[in-house]
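The file target_17.csv contains CSV, C-alpha atoms:
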chain,number,residue,atom,x,y,z
A,1,MET,CA,-29.4,11.2,13.1
A,2,ASN,CA,-31.4,9.8,10.1
A,3,GLU,CA,-29.9,8.7,6.8
A,4,THR,CA,-30.1,12.1,5.2
A,5,GLU,CA,-28.4,13.8,8.0
A,6,LEU,CA,-25.7,11.2,8.1
A,7,GLN,CA,-25.2,11.6,4.3
A,8,ASP,CA,-25.1,15.4,4.6
A,9,HIS,CA,-22.4,15.1,7.3
A,10,PHE,CA,-20.4,12.7,5.2
A,11,ASP,CA,-20.7,15.0,2.1
A,12,GLY,CA,-19.7,17.9,4.3
A,13,VAL,CA,-16.5,16.2,5.4
A,14,ILE,CA,-15.6,15.3,1.8
A,15,ALA,CA,-16.4,18.8,0.5
A,16,THR,CA,-14.0,20.4,3.0
A,17,ASP,CA,-11.3,17.8,2.2
A,18,GLY,CA,-11.6,16.2,5.6
A,19,ARG,CA,-10.9,12.6,6.4
A,20,ILE,CA,-13.3,9.8,7.0
A,21,GLU,CA,-12.3,7.5,9.8
A,22,PRO,CA,-13.2,3.8,10.4
A,23,ARG,CA,-16.3,4.1,12.7
A,24,ASP,CA,-17.8,7.0,10.8
A,25,TRP,CA,-21.0,6.5,8.9
A,26,MET,CA,-20.3,6.2,5.2
A,27,PRO,CA,-22.3,5.3,2.1
A,28,ASP,CA,-22.2,1.6,1.2
A,29,GLY,CA,-20.7,2.4,-2.2
A,30,TYR,CA,-17.9,4.3,-0.6
A,31,ARG,CA,-17.1,1.4,1.7
A,32,LYS,CA,-17.3,-1.2,-1.1
A,33,THR,CA,-15.2,0.8,-3.4
A,34,LEU,CA,-12.5,1.3,-0.8
A,35,ILE,CA,-12.5,-2.4,0.2
A,36,ARG,CA,-12.2,-3.4,-3.4
A,37,GLN,CA,-9.4,-0.9,-4.1
A,38,ILE,CA,-7.4,-1.4,-0.9
A,39,ALA,CA,-7.7,-5.2,-1.1
A,40,GLN,CA,-6.6,-5.2,-4.8
A,41,HIS,CA,-3.7,-3.0,-3.8
A,42,ALA,CA,-2.7,-5.3,-0.9
A,43,HIS,CA,-3.0,-8.4,-3.2
A,44,SER,CA,-0.7,-6.6,-5.7
A,45,GLU,CA,1.9,-6.1,-3.0
A,46,ILE,CA,2.1,-9.7,-1.9
A,47,ILE,CA,1.8,-11.2,-5.4
A,48,GLY,CA,4.5,-8.7,-6.4
A,49,MET,CA,6.9,-10.5,-4.2
A,50,GLN,CA,7.0,-13.4,-6.6
A,51,PRO,CA,8.6,-12.0,-9.8
A,52,GLU,CA,11.4,-10.5,-7.7
A,53,GLY,CA,11.6,-13.5,-5.4
A,54,ASN,CA,12.5,-15.4,-8.5
A,55,TRP,CA,15.9,-13.8,-8.5
A,56,LEU,CA,16.7,-13.9,-4.8
A,57,THR,CA,18.8,-17.1,-5.0
A,58,ARG,CA,20.5,-15.9,-8.2
A,59,ALA,CA,21.4,-12.3,-7.4
A,60,PRO,CA,24.8,-11.5,-8.8
A,61,SER,CA,26.4,-10.5,-5.4
A,62,LEU,CA,25.8,-10.8,-1.7
A,63,LYS,CA,25.1,-7.1,-1.6
A,64,ARG,CA,22.5,-7.3,-4.4
A,65,LYS,CA,21.0,-10.3,-2.7
A,66,ALA,CA,20.7,-8.5,0.7
A,67,ILE,CA,19.1,-5.5,-1.0
A,68,LEU,CA,16.6,-7.5,-2.9
A,69,MET,CA,15.7,-9.5,0.2
A,70,ALA,CA,15.0,-6.2,2.1
A,71,LYS,CA,12.9,-5.0,-0.9
A,72,VAL,CA,10.8,-8.2,-1.1
A,73,GLN,CA,10.3,-8.0,2.7
A,74,ASP,CA,9.1,-4.4,2.2
A,75,GLU,CA,6.5,-5.6,-0.3
A,76,ALA,CA,5.2,-8.1,2.3
A,77,GLY,CA,5.1,-5.2,4.8
A,78,HIS,CA,3.2,-3.0,2.4
A,79,GLY,CA,0.6,-5.8,1.8
A,80,LEU,CA,0.2,-6.0,5.6
A,81,TYR,CA,-0.3,-2.2,6.1
A,82,LEU,CA,-3.0,-2.4,3.4
A,83,TYR,CA,-4.8,-5.5,4.6
A,84,SER,CA,-4.8,-3.8,8.0
A,85,ALA,CA,-6.4,-0.6,6.5
A,86,ALA,CA,-9.0,-2.7,4.6
A,87,GLU,CA,-9.9,-4.5,7.8
A,88,THR,CA,-10.9,-1.2,9.4
A,89,LEU,CA,-13.8,-1.2,6.9
A,90,GLY,CA,-15.3,-4.3,8.5
A,91,VAL,CA,-13.9,-7.1,6.3
A,92,ALA,CA,-11.9,-10.0,7.6
A,93,ARG,CA,-8.3,-10.8,6.5
A,94,ASP,CA,-9.2,-14.4,5.5
A,95,GLU,CA,-12.2,-13.2,3.5
A,96,LEU,CA,-9.9,-11.0,1.5
A,97,LEU,CA,-7.3,-13.8,0.9
A,98,ASP,CA,-10.2,-16.1,-0.1
A,99,LEU,CA,-11.3,-13.6,-2.7
A,100,LEU,CA,-7.8,-13.4,-4.1
A,101,HIS,CA,-7.3,-17.1,-4.1
A,102,THR,CA,-10.6,-17.8,-5.9
A,103,GLY,CA,-9.9,-15.0,-8.5
A,104,LYS,CA,-12.8,-12.9,-7.4
A,105,GLN,CA,-10.5,-10.0,-6.6
A,106,LYS,CA,-7.7,-8.9,-8.9
A,107,TYR,CA,-4.2,-7.7,-8.4
A,108,SER,CA,-2.2,-5.4,-10.7
A,109,THR,CA,-1.7,-6.9,-14.2
A,110,ILE,CA,2.0,-6.0,-14.1
A,111,PHE,CA,2.9,-9.0,-11.9
A,112,ASN,CA,1.7,-11.4,-14.5
A,113,TYR,CA,4.8,-10.8,-16.6
A,114,PRO,CA,7.9,-13.0,-16.1
A,115,THR,CA,11.3,-11.9,-14.8
A,116,LEU,CA,13.5,-13.6,-17.4
A,117,THR,CA,16.9,-12.0,-16.5
A,118,TRP,CA,18.6,-10.1,-13.6
A,119,ALA,CA,18.0,-6.9,-15.5
A,120,ASP,CA,14.3,-7.4,-15.0
A,121,VAL,CA,14.8,-6.8,-11.3
A,122,GLY,CA,16.2,-3.4,-12.2
A,123,ALA,CA,13.4,-2.7,-14.6
A,124,ILE,CA,10.8,-3.6,-12.0
A,125,GLY,CA,12.4,-1.2,-9.5
A,126,TRP,CA,12.8,1.7,-11.9
A,127,LEU,CA,9.6,1.4,-14.0
A,128,VAL,CA,7.1,-0.7,-12.0
A,129,ASP,CA,7.9,0.9,-8.7
A,130,GLY,CA,8.3,4.3,-10.4
A,131,ALA,CA,4.8,3.9,-11.8
A,132,ALA,CA,3.5,2.7,-8.5
A,133,ILE,CA,4.9,5.8,-6.7
A,134,THR,CA,3.3,8.1,-9.3
A,135,ASN,CA,0.0,6.4,-8.6
A,136,GLN,CA,0.4,6.3,-4.9
A,137,VAL,CA,1.7,9.7,-3.9
A,138,PRO,CA,-1.8,11.3,-4.5
A,139,LEU,CA,-3.3,8.4,-2.5
A,140,CYS,CA,-1.5,9.8,0.6
A,141,ARG,CA,-4.3,12.5,0.5
A,142,CYS,CA,-7.1,10.0,0.0
A,143,SER,CA,-10.3,10.8,1.9
A,144,TYR,CA,-10.2,7.6,3.9
A,145,GLY,CA,-7.8,8.1,6.9
A,146,PRO,CA,-6.4,4.6,7.4
A,147,TYR,CA,-5.7,4.1,3.6
A,148,ALA,CA,-4.0,7.5,3.4
A,149,ARG,CA,-1.8,6.8,6.4
A,150,ALA,CA,-0.8,3.4,5.0
A,151,MET,CA,0.1,5.1,1.8
A,152,VAL,CA,2.4,7.6,3.5
A,153,ARG,CA,4.4,4.7,5.0
A,154,ILE,CA,4.5,2.9,1.7
A,155,CYS,CA,5.6,5.9,-0.3
A,156,LYS,CA,8.5,6.6,2.1
A,157,GLU,CA,9.7,3.1,1.5
A,158,GLU,CA,9.2,2.9,-2.2
A,159,SER,CA,11.7,5.5,-3.1
A,160,PHE,CA,14.5,3.1,-2.0
A,161,HIS,CA,13.0,0.5,-4.3
A,162,GLN,CA,13.0,2.8,-7.3
A,163,ARG,CA,16.6,3.9,-6.8
A,164,GLN,CA,17.9,0.4,-6.3
A,165,GLY,CA,16.3,-0.6,-9.7
A,166,PHE,CA,17.8,2.5,-11.4
A,167,GLU,CA,21.2,1.6,-10.0
A,168,ILE,CA,21.0,-2.0,-11.2
A,169,LEU,CA,20.1,-0.8,-14.7
A,170,HIS,CA,22.8,2.0,-14.7
A,171,THR,CA,25.4,-0.6,-13.7
A,172,LEU,CA,24.4,-3.0,-16.4
A,173,SER,CA,24.0,-0.3,-19.1
A,174,HIS,CA,27.5,0.9,-18.5
A,175,GLY,CA,29.0,-2.6,-18.2
A,176,THR,CA,29.9,-5.0,-21.0
A,177,ALA,CA,28.0,-5.1,-24.4
A,178,ALA,CA,26.1,-8.2,-23.2
A,179,GLN,CA,25.1,-6.5,-19.9
A,180,HIS,CA,24.0,-3.4,-21.8
A,181,ALA,CA,21.9,-5.5,-24.2
A,182,MET,CA,20.3,-7.3,-21.2
A,183,ALA,CA,19.3,-4.0,-19.6
A,184,GLN,CA,17.8,-2.8,-23.0
A,185,ASP,CA,15.9,-6.0,-23.4
A,186,ALA,CA,14.4,-5.7,-20.0
A,187,ILE,CA,13.3,-2.1,-20.7
A,188,ASP,CA,11.8,-3.2,-24.1
A,189,ARG,CA,9.6,-5.8,-22.3
A,190,TRP,CA,8.6,-3.8,-19.2
A,191,TRP,CA,8.0,-0.3,-20.7
A,192,TRP,CA,4.5,-0.8,-22.1
A,193,PRO,CA,3.1,-3.0,-19.3
A,194,SER,CA,4.3,-0.3,-16.9
A,195,LEU,CA,2.3,2.4,-18.8
A,196,MET,CA,-0.8,0.1,-18.5
A,197,MET,CA,-0.4,0.2,-14.7
A,198,PHE,CA,-2.3,3.6,-14.7
A,199,GLY,CA,-5.4,1.8,-16.0
A,200,PRO,CA,-7.5,2.5,-19.0
A,201,PRO,CA,-8.1,6.0,-20.4
A,202,ASP,CA,-10.4,7.9,-18.1
A,203,ALA,CA,-13.3,7.8,-20.5
A,204,GLU,CA,-13.3,4.0,-20.3
A,205,SER,CA,-12.5,3.7,-16.6
A,206,ALA,CA,-15.4,2.2,-14.8
A,207,HIS,CA,-15.1,3.8,-11.4
A,208,SER,CA,-13.1,7.0,-12.0
A,209,ALA,CA,-15.8,9.7,-11.8
A,210,GLN,CA,-17.4,8.4,-8.5
A,211,SER,CA,-13.9,7.8,-6.9
A,212,THR,CA,-12.9,11.3,-7.8
A,213,ALA,CA,-16.1,12.7,-6.3
A,214,TRP,CA,-15.4,10.8,-3.1
A,215,GLY,CA,-11.8,12.1,-2.8
A,216,ILE,CA,-10.4,8.5,-3.2
A,217,LYS,CA,-8.9,9.3,-6.6
A,218,ARG,CA,-7.1,12.7,-7.0
A,219,HIS,CA,-5.9,12.7,-10.6
A,220,PRO,CA,-7.2,11.1,-13.9
A,221,ASN,CA,-5.3,8.0,-15.1
A,222,ASP,CA,-4.1,9.7,-18.2
A,223,GLU,CA,-2.7,12.6,-16.3
A,224,LEU,CA,-0.6,10.3,-14.0
A,225,ARG,CA,0.5,8.3,-17.0
A,226,GLN,CA,1.7,11.5,-18.7
A,227,ARG,CA,3.5,12.5,-15.5
A,228,PHE,CA,5.3,9.2,-15.4
A,229,VAL,CA,6.4,9.3,-19.1
A,230,ASP,CA,7.7,12.9,-18.6
A,231,MET,CA,9.8,11.7,-15.7
A,232,CYS,CA,11.1,8.6,-17.4
A,233,VAL,CA,12.4,10.1,-20.7
A,234,PRO,CA,15.3,12.1,-19.1
A,235,GLN,CA,16.0,9.2,-16.7
A,236,ALA,CA,16.4,6.8,-19.6
A,237,GLU,CA,18.9,9.2,-21.2
A,238,VAL,CA,21.0,9.1,-18.0
A,239,LEU,CA,20.7,5.3,-18.1
A,240,GLY,CA,21.9,5.3,-21.7
A,241,LEU,CA,18.9,3.1,-22.6
A,242,THR,CA,16.1,3.6,-25.2
A,243,LEU,CA,12.4,3.5,-24.4
A,244,PRO,CA,10.8,1.3,-27.0
A,245,ASP,CA,8.4,3.8,-28.6
A,246,PRO,CA,9.2,5.4,-32.0
A,247,ASP,CA,6.5,8.0,-31.4
A,248,LEU,CA,8.0,9.3,-28.2
A,249,ARG,CA,9.0,13.0,-28.7
A,250,TRP,CA,8.8,16.3,-26.9
A,251,ASN,CA,5.8,18.3,-27.8
A,252,GLU,CA,6.6,22.0,-27.3
A,253,ALA,CA,3.0,23.1,-27.4
A,254,ARG,CA,1.8,20.8,-24.7
A,255,SER,CA,5.1,20.9,-22.7
A,256,HIS,CA,4.8,17.1,-22.4
A,257,TYR,CA,6.2,14.1,-24.2
A,258,ASP,CA,3.9,12.6,-26.8
A,259,PHE,CA,3.9,8.8,-26.8
A,260,GLY,CA,2.5,6.0,-29.0
A,261,PRO,CA,-0.8,4.1,-28.6
A,262,ILE,CA,-1.0,1.5,-25.8
A,263,ASP,CA,-2.1,-2.0,-26.7
A,264,TRP,CA,-5.3,-2.2,-24.5
A,265,ALA,CA,-6.2,-5.6,-26.0
A,266,GLU,CA,-3.1,-7.0,-24.3
A,267,PHE,CA,-4.2,-5.3,-21.1
A,268,LYS,CA,-7.6,-6.9,-21.3
A,269,THR,CA,-6.1,-10.3,-21.9
A,270,VAL,CA,-4.0,-10.1,-18.8
A,271,VAL,CA,-6.9,-8.7,-16.7
A,272,ARG,CA,-9.0,-11.7,-17.9
A,273,GLY,CA,-6.4,-14.1,-16.6
A,274,ASP,CA,-4.6,-15.0,-19.8
A,275,GLY,CA,-1.3,-13.1,-19.2
A,276,PRO,CA,2.0,-14.9,-19.4
A,277,CYS,CA,2.1,-15.8,-15.6
A,278,ASN,CA,-1.5,-15.4,-14.2
A,279,ARG,CA,-2.0,-19.1,-13.4
A,280,GLN,CA,1.5,-19.6,-12.0
A,281,ARG,CA,1.2,-16.6,-9.7
A,282,LEU,CA,-2.1,-17.6,-8.3
A,283,ALA,CA,-1.2,-21.3,-7.9
A,284,HIS,CA,2.0,-20.3,-6.1
A,285,ARG,CA,0.1,-18.0,-3.8
A,286,VAL,CA,-2.6,-20.6,-3.0
A,287,ALA,CA,0.0,-23.3,-2.4
A,288,ALA,CA,2.0,-21.0,0.0
A,289,HIS,CA,-1.2,-20.3,2.0
A,290,GLU,CA,-2.3,-24.0,2.1
A,291,GLU,CA,1.2,-25.2,3.1
A,292,GLY,CA,1.3,-22.7,5.9
A,293,THR,CA,-2.0,-23.8,7.4
A,294,TRP,CA,-0.3,-26.2,9.9
A,295,VAL,CA,2.0,-23.4,11.1
A,296,ARG,CA,-0.9,-21.0,11.7
A,297,GLU,CA,-2.8,-23.8,13.5
A,298,ALA,CA,0.2,-24.9,15.6
A,299,ALA,CA,0.8,-21.2,16.7
A,300,LEU,CA,-2.8,-20.9,17.9
A,301,ALA,CA,-2.6,-24.3,19.7
A,302,TYR,CA,0.7,-23.2,21.4
A,303,ALA,CA,-0.9,-19.9,22.4
A,304,ALA,CA,-3.9,-21.7,23.9
A,305,LYS,CA,-1.6,-24.1,25.8
A,306,GLU,CA,0.5,-21.3,27.2
A,307,ARG,CA,-2.6,-19.4,28.3
A,308,ALA,CA,-3.9,-22.6,30.1
A,309,ARG,CA,-0.5,-23.1,31.7
A,310,SER,CA,-0.3,-19.5,33.1
A,311,ASN,CA,-3.9,-19.7,34.3
A,312,GLY,CA,-3.1,-22.9,36.1
A,313,LYS,CA,-0.1,-21.2,37.8
A,314,GLU,CA,-2.2,-18.3,38.9
A,315,ALA,CA,-4.9,-20.6,40.3
A,316,ALA,CA,-2.2,-22.5,42.2
A,317,ALA,CA,-0.7,-19.3,43.7
B,1,MET,CA,-12.3,-20.7,5.5
B,2,SER,CA,-13.0,-23.1,8.3
B,3,GLU,CA,-9.6,-22.2,9.8
B,4,THR,CA,-9.8,-20.1,13.1
B,5,PRO,CA,-8.2,-16.7,12.3
B,6,TRP,CA,-5.4,-15.3,14.5
B,7,PRO,CA,-6.7,-12.5,16.7
B,8,LEU,CA,-6.2,-8.8,15.7
B,9,TRP,CA,-3.9,-6.5,17.7
B,10,GLU,CA,-3.5,-2.8,17.5
B,11,VAL,CA,0.1,-1.6,17.4
B,12,PHE,CA,1.5,1.6,19.1
B,13,VAL,CA,5.1,2.8,18.5
B,14,ARG,CA,7.2,5.3,20.6
B,15,ALA,CA,9.2,6.9,17.9
B,16,LYS,CA,11.9,8.2,20.3
B,17,ARG,CA,12.4,8.9,24.0
B,18,GLY,CA,10.4,11.8,25.1
B,19,LEU,CA,7.4,11.1,22.8
B,20,SER,CA,4.3,9.1,23.7
B,21,HIS,CA,3.3,5.9,21.9
B,22,SER,CA,1.2,6.5,18.7
B,23,HIS,CA,-1.1,4.2,16.9
B,24,VAL,CA,0.4,2.9,13.6
B,25,GLY,CA,-1.9,0.1,12.5
B,26,SER,CA,-2.9,-3.4,13.3
B,27,LEU,CA,-1.8,-7.0,12.7
B,28,HIS,CA,-2.8,-10.6,13.4
B,29,ALA,CA,-0.9,-12.8,15.8
B,30,PRO,CA,-1.7,-15.9,17.9
B,31,ASP,CA,-0.4,-14.4,21.1
B,32,ALA,CA,1.0,-11.2,22.7
B,33,GLU,CA,4.7,-12.3,22.3
B,34,SER,CA,4.3,-13.1,18.5
B,35,ALA,CA,2.3,-9.9,18.1
B,36,LEU,CA,5.3,-7.9,19.4
B,37,HIS,CA,7.7,-9.7,17.1
B,38,ASN,CA,5.5,-9.3,14.1
B,39,ALA,CA,4.9,-5.6,15.0
B,40,ARG,CA,8.7,-5.1,15.1
B,41,ASP,CA,9.0,-6.6,11.6
B,42,VAL,CA,6.0,-4.9,10.1
B,43,TYR,CA,6.1,-1.4,11.6
B,44,THR,CA,9.8,-0.7,12.6
B,45,ARG,CA,11.9,-2.0,9.8
B,46,ARG,CA,13.6,1.4,9.5
B,47,GLN,CA,14.2,2.3,13.2
B,48,GLU,CA,10.8,4.0,13.4
B,49,GLY,CA,10.6,3.1,17.1
B,50,VAL,CA,12.3,2.5,20.4
B,51,SER,CA,9.3,0.9,22.2
B,52,LEU,CA,6.2,-1.0,21.1
B,53,TRP,CA,2.8,-1.7,22.6
B,54,VAL,CA,0.4,-4.3,21.2
B,55,VAL,CA,-3.2,-4.3,22.5
B,56,PRO,CA,-5.9,-6.9,21.6
B,57,THR,CA,-8.3,-4.9,19.4
B,58,ALA,CA,-11.2,-6.4,21.3
B,59,ALA,CA,-9.9,-4.9,24.5
B,60,ILE,CA,-10.3,-1.3,23.3
B,61,THR,CA,-13.3,0.7,24.3
B,62,ALA,CA,-13.9,3.7,22.1
B,63,SER,CA,-16.2,6.7,22.2
B,64,SER,CA,-18.9,7.1,19.5
B,65,PRO,CA,-17.3,8.3,16.2
B,66,ASP,CA,-19.9,11.2,15.9
B,67,GLU,CA,-18.1,14.5,16.1
B,68,LYS,CA,-21.2,16.3,17.3
B,69,ASP,CA,-21.6,13.7,20.1
B,70,PRO,CA,-22.9,15.3,23.3
B,71,PHE,CA,-20.1,13.2,25.0
B,72,PHE,CA,-17.7,16.0,24.0
B,73,GLY,CA,-20.3,18.7,24.6
B,74,PRO,CA,-19.1,19.9,28.1
B,75,ALA,CA,-15.8,21.0,26.6
B,76,ALA,CA,-17.4,23.4,24.1
B,77,ASP,CA,-19.1,25.7,26.6
B,78,LYS,CA,-16.2,26.4,29.0
B,79,VAL,CA,-14.3,29.0,27.0
B,80,TYR,CA,-12.8,30.3,30.3
B,81,ARG,CA,-10.5,27.2,30.3
B,82,HIS,CA,-8.5,28.9,27.6
B,83,PRO,CA,-6.0,31.7,28.4
B,84,THR,CA,-7.4,33.8,25.5
B,85,PHE,CA,-10.6,34.2,27.5
B,86,TYR,CA,-8.9,36.7,29.8
B,87,GLU,CA,-8.2,40.3,29.2
B,88,VAL,CA,-4.6,41.3,30.2
B,89,PRO,CA,-4.0,45.0,31.0
B,90,GLU,CA,-1.4,46.7,28.9
B,91,GLY,CA,2.1,46.6,30.5
B,92,ALA,CA,1.5,43.3,32.4
B,93,GLY,CA,4.3,41.1,31.2
B,94,HIS,CA,5.0,37.4,31.6
B,95,LEU,CA,1.3,36.4,31.7

Before anything else, please render the file you have as structure tokens.
Amino acid sequence: MNETELQDHFDGVIATDGRIEPRDWMPDGYRKTLIRQIAQHAHSEIIGMQPEGNWLTRAPSLKRKAILMAKVQDEAGHGLYLYSAAETLGVARDELLDLLHTGKQKYSTIFNYPTLTWADVGAIGWLVDGAAITNQVPLCRCSYGPYARAMVRICKEESFHQRQGFEILHTLSHGTAAQHAMAQDAIDRWWWPSLMMFGPPDAESAHSAQSTAWGIKRHPNDELRQRFVDMCVPQAEVLGLTLPDPDLRWNEARSHYDFGPIDWAEFKTVVRGDGPCNRQRLAHRVAAHEEGTWVREAALAYAAKERARSNGKEAAA
Amino acid sequence: MSETPWPLWEVFVRAKRGLSHSHVGSLHAPDAESALHNARDVYTRRQEGVSLWVVPTAAITASSPDEKDPFFGPAADKVYRHPTFYEVPEGAGHL
């Protein structure tokens, strides 16, 4: 088939809401967009281990510690599913890590905020994972098969994350006055950055239109953001906590909650690398990778030695 | 980047007895035994499986991805392989 026929076949699959699989022909732009998006998503999962890992040794009980450990392990697993999906597009794992380590590929801005108190672990579970789920559920129907399948696994696991966060906040909110204040403070700091997770308004979003045409993106950023706000307001009432937005109110005509303006200048600052923890997160990631080099090399050397040993045995027999 | 990467393995999970192994994804590991251990930790954290296979990705031979591949052609022109091809007279049961 020539290029036009290949393109026609690809367009046909997309038009009928079919799935593109790894060895199919695909336009370069489609491949590049997916590599960038899946890699950025994978990077977010593994960098996302850091803010929560910060509280592993200081969780208030053994039960909370075991739960948080399982959650952080899940984030590592999610990173691995996604790196595996990205690799089906013909890019190597170490290339992707290199792009992360040199700052050429980004991860979600949300992980550049610090976790100052235990309540932040709750806020991350409820708001950050809640926003992630809202973003990710439509990705289960993404036109690229391996990405969609990875998202199905991830979404199944994320719902535990969100519930454990909600439970932490609920417990704190209904505890002592100091615990309630700690929960409120966490919500005050995490609410707006969570709304930024949906990305800039669609009109300013660089890749939205093309990604939508390719079946990678299923809903506009603003629509998903609205969906998230509408879900959170009644949940905050159950928590007994206040979302830090004086403009937040039910709009009968729209059947949605109105909310105040988002500080996109702050978003841009964090994207640029000047958020509260950008340098710390990246430095920690690079150090972990470099300090693990000898382990990876030793494992390869051991594997080679074992292979040689068993080949020797076979030759002798 | 001068580091030699660990080889890639494809992972197959049997969800429960009575079902066949299904492909779930891939991972990097230095050898087969570590690939199995890593596969357990990455793909079966919630009892998703009772048995695992790991296969070096390089060892898999695949057909061409093209759906209209003549490779699959012979199956298309043998409609008589399907039971619906045959007319069953009225009253003939258990066919």

Skipping near chain neighbours, those fewer than 3 positions away, what residues fall within 9 Å of B:Lys16 using all atoms listed in the file, listed as a VMD selection string? chain B and resid 13 19 to 20 48 to 51

Give as a PyMOL selection string every residue, naming chains and numbers as the document does, that has an atom within 12 Å of (-14.7, 0.6, 13.1), counting all atoms listed in the file. (chain A and resi 20-26+31+84-91+145-146) or (chain B and resi 57-58+60-65)

Can you pull out the residues contacting A:Ala203? Cut-off 10 Å, using only C-alpha atoms, and skip same-chain residues under 2 positions away; I want them as a ChimeraX atom specification. /A:200-201,205-206,208-209,220-222

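Among A:Met231, A:Leu100, A:Ala70, A:Ala315, the residue with the shortest atom-to-atom distance to chain B, counting all atoms listed in the file, is A:Ala70.
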
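Atom to atom, atom CA of A:Asn278 and atom CA of A:Asn54 stand 15.1 Å apart.
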
Which residues are near B:Val11? Cut-off 8 Å, all atoms listed in the file, ignore same chain within fewer than 6 positions. Put them as a ChimeraX atom specification. /B:23-27,39,52-55

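Computed from the coordinates, the atom CA of A:Lys268 to atom CA of A:Gly53 distance equals 25.8 Å.
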
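Taking only C-alpha atoms into account, the protein, DNA and RNA residues within 10 Å of (10.9, -3.6, -11.3) read Gly48, Pro51, Glu52, Ile110, Phe111, Thr115, Ala119, Asp120, Val121, Gly122, Ala123, Ile124, Gly125, Trp126, Leu127, Val128, Asp129, Gly130, Ala131, His161, Gln162, Gln164, Gly165, Phe166, Ala186, Ile187, Trp190 and Ser194 of chain A.
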
Please dump the current selection as a PDB file, in the frame of the given file; keep C-alpha atoms.
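What ended up in again.pdb:
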ATOM      1  CA  GLY A  48       4.500  -8.700  -6.400  1.00  0.00           C
ATOM      2  CA  PRO A  51       8.600 -12.000  -9.800  1.00  0.00           C
ATOM      3  CA  GLU A  52      11.400 -10.500  -7.700  1.00  0.00           C
ATOM      4  CA  ILE A 110       2.000  -6.000 -14.100  1.00  0.00           C
ATOM      5  CA  PHE A 111       2.900  -9.000 -11.900  1.00  0.00           C
ATOM      6  CA  THR A 115      11.300 -11.900 -14.800  1.00  0.00           C
ATOM      7  CA  ALA A 119      18.000  -6.900 -15.500  1.00  0.00           C
ATOM      8  CA  ASP A 120      14.300  -7.400 -15.000  1.00  0.00           C
ATOM      9  CA  VAL A 121      14.800  -6.800 -11.300  1.00  0.00           C
ATOM     10  CA  GLY A 122      16.200  -3.400 -12.200  1.00  0.00           C
ATOM     11  CA  ALA A 123      13.400  -2.700 -14.600  1.00  0.00           C
ATOM     12  CA  ILE A 124      10.800  -3.600 -12.000  1.00  0.00           C
ATOM     13  CA  GLY A 125      12.400  -1.200  -9.500  1.00  0.00           C
ATOM     14  CA  TRP A 126      12.800   1.700 -11.900  1.00  0.00           C
ATOM     15  CA  LEU A 127       9.600   1.400 -14.000  1.00  0.00           C
ATOM     16  CA  VAL A 128       7.100  -0.700 -12.000  1.00  0.00           C
ATOM     17  CA  ASP A 129       7.900   0.900  -8.700  1.00  0.00           C
ATOM     18  CA  GLY A 130       8.300   4.300 -10.400  1.00  0.00           C
ATOM     19  CA  ALA A 131       4.800   3.900 -11.800  1.00  0.00           C
ATOM     20  CA  HIS A 161      13.000   0.500  -4.300  1.00  0.00           C
ATOM     21  CA  GLN A 162      13.000   2.800  -7.300  1.00  0.00           C
ATOM     22  CA  GLN A 164      17.900   0.400  -6.300  1.00  0.00           C
ATOM     23  CA  GLY A 165      16.300  -0.600  -9.700  1.00  0.00           C
ATOM     24  CA  PHE A 166      17.800   2.500 -11.400  1.00  0.00           C
ATOM     25  CA  ALA A 186      14.400  -5.700 -20.000  1.00  0.00           C
ATOM     26  CA  ILE A 187      13.300  -2.100 -20.700  1.00  0.00           C
ATOM     27  CA  TRP A 190       8.600  -3.800 -19.200  1.00  0.00           C
ATOM     28  CA  SER A 194       4.300  -0.300 -16.900  1.00  0.00           C
TER      29      SER A 194
END

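Coordinates place atom CA of A:Arg19 at a distance of 27.4 Å from atom CA of A:Phe228.
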
Test item: chain B residues at most 10 Å from chain A, counting only C-alpha atoms, as a ChimeraX atom specification: /B:1-8,10,24-34,41-43,45-46,62-67

Within 12 Å of A:Pro246, counting only C-alpha atoms, which residues show up once you throw out same-chain ones fewer than 3 positions away? Write them as a PyMOL selection string, please. chain A and resi 188+242-243+249+258-261

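Distances here use only C-alpha atoms; by that measure, the residue among A:Lys106, A:His256, A:Arg285, A:Lys217 closest to A:Val271 is A:Lys106.
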
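Closest to A:Tyr107 among A:Met197, A:Cys140, A:Leu172, A:Leu56 is A:Met197, based on all atoms listed in the file.
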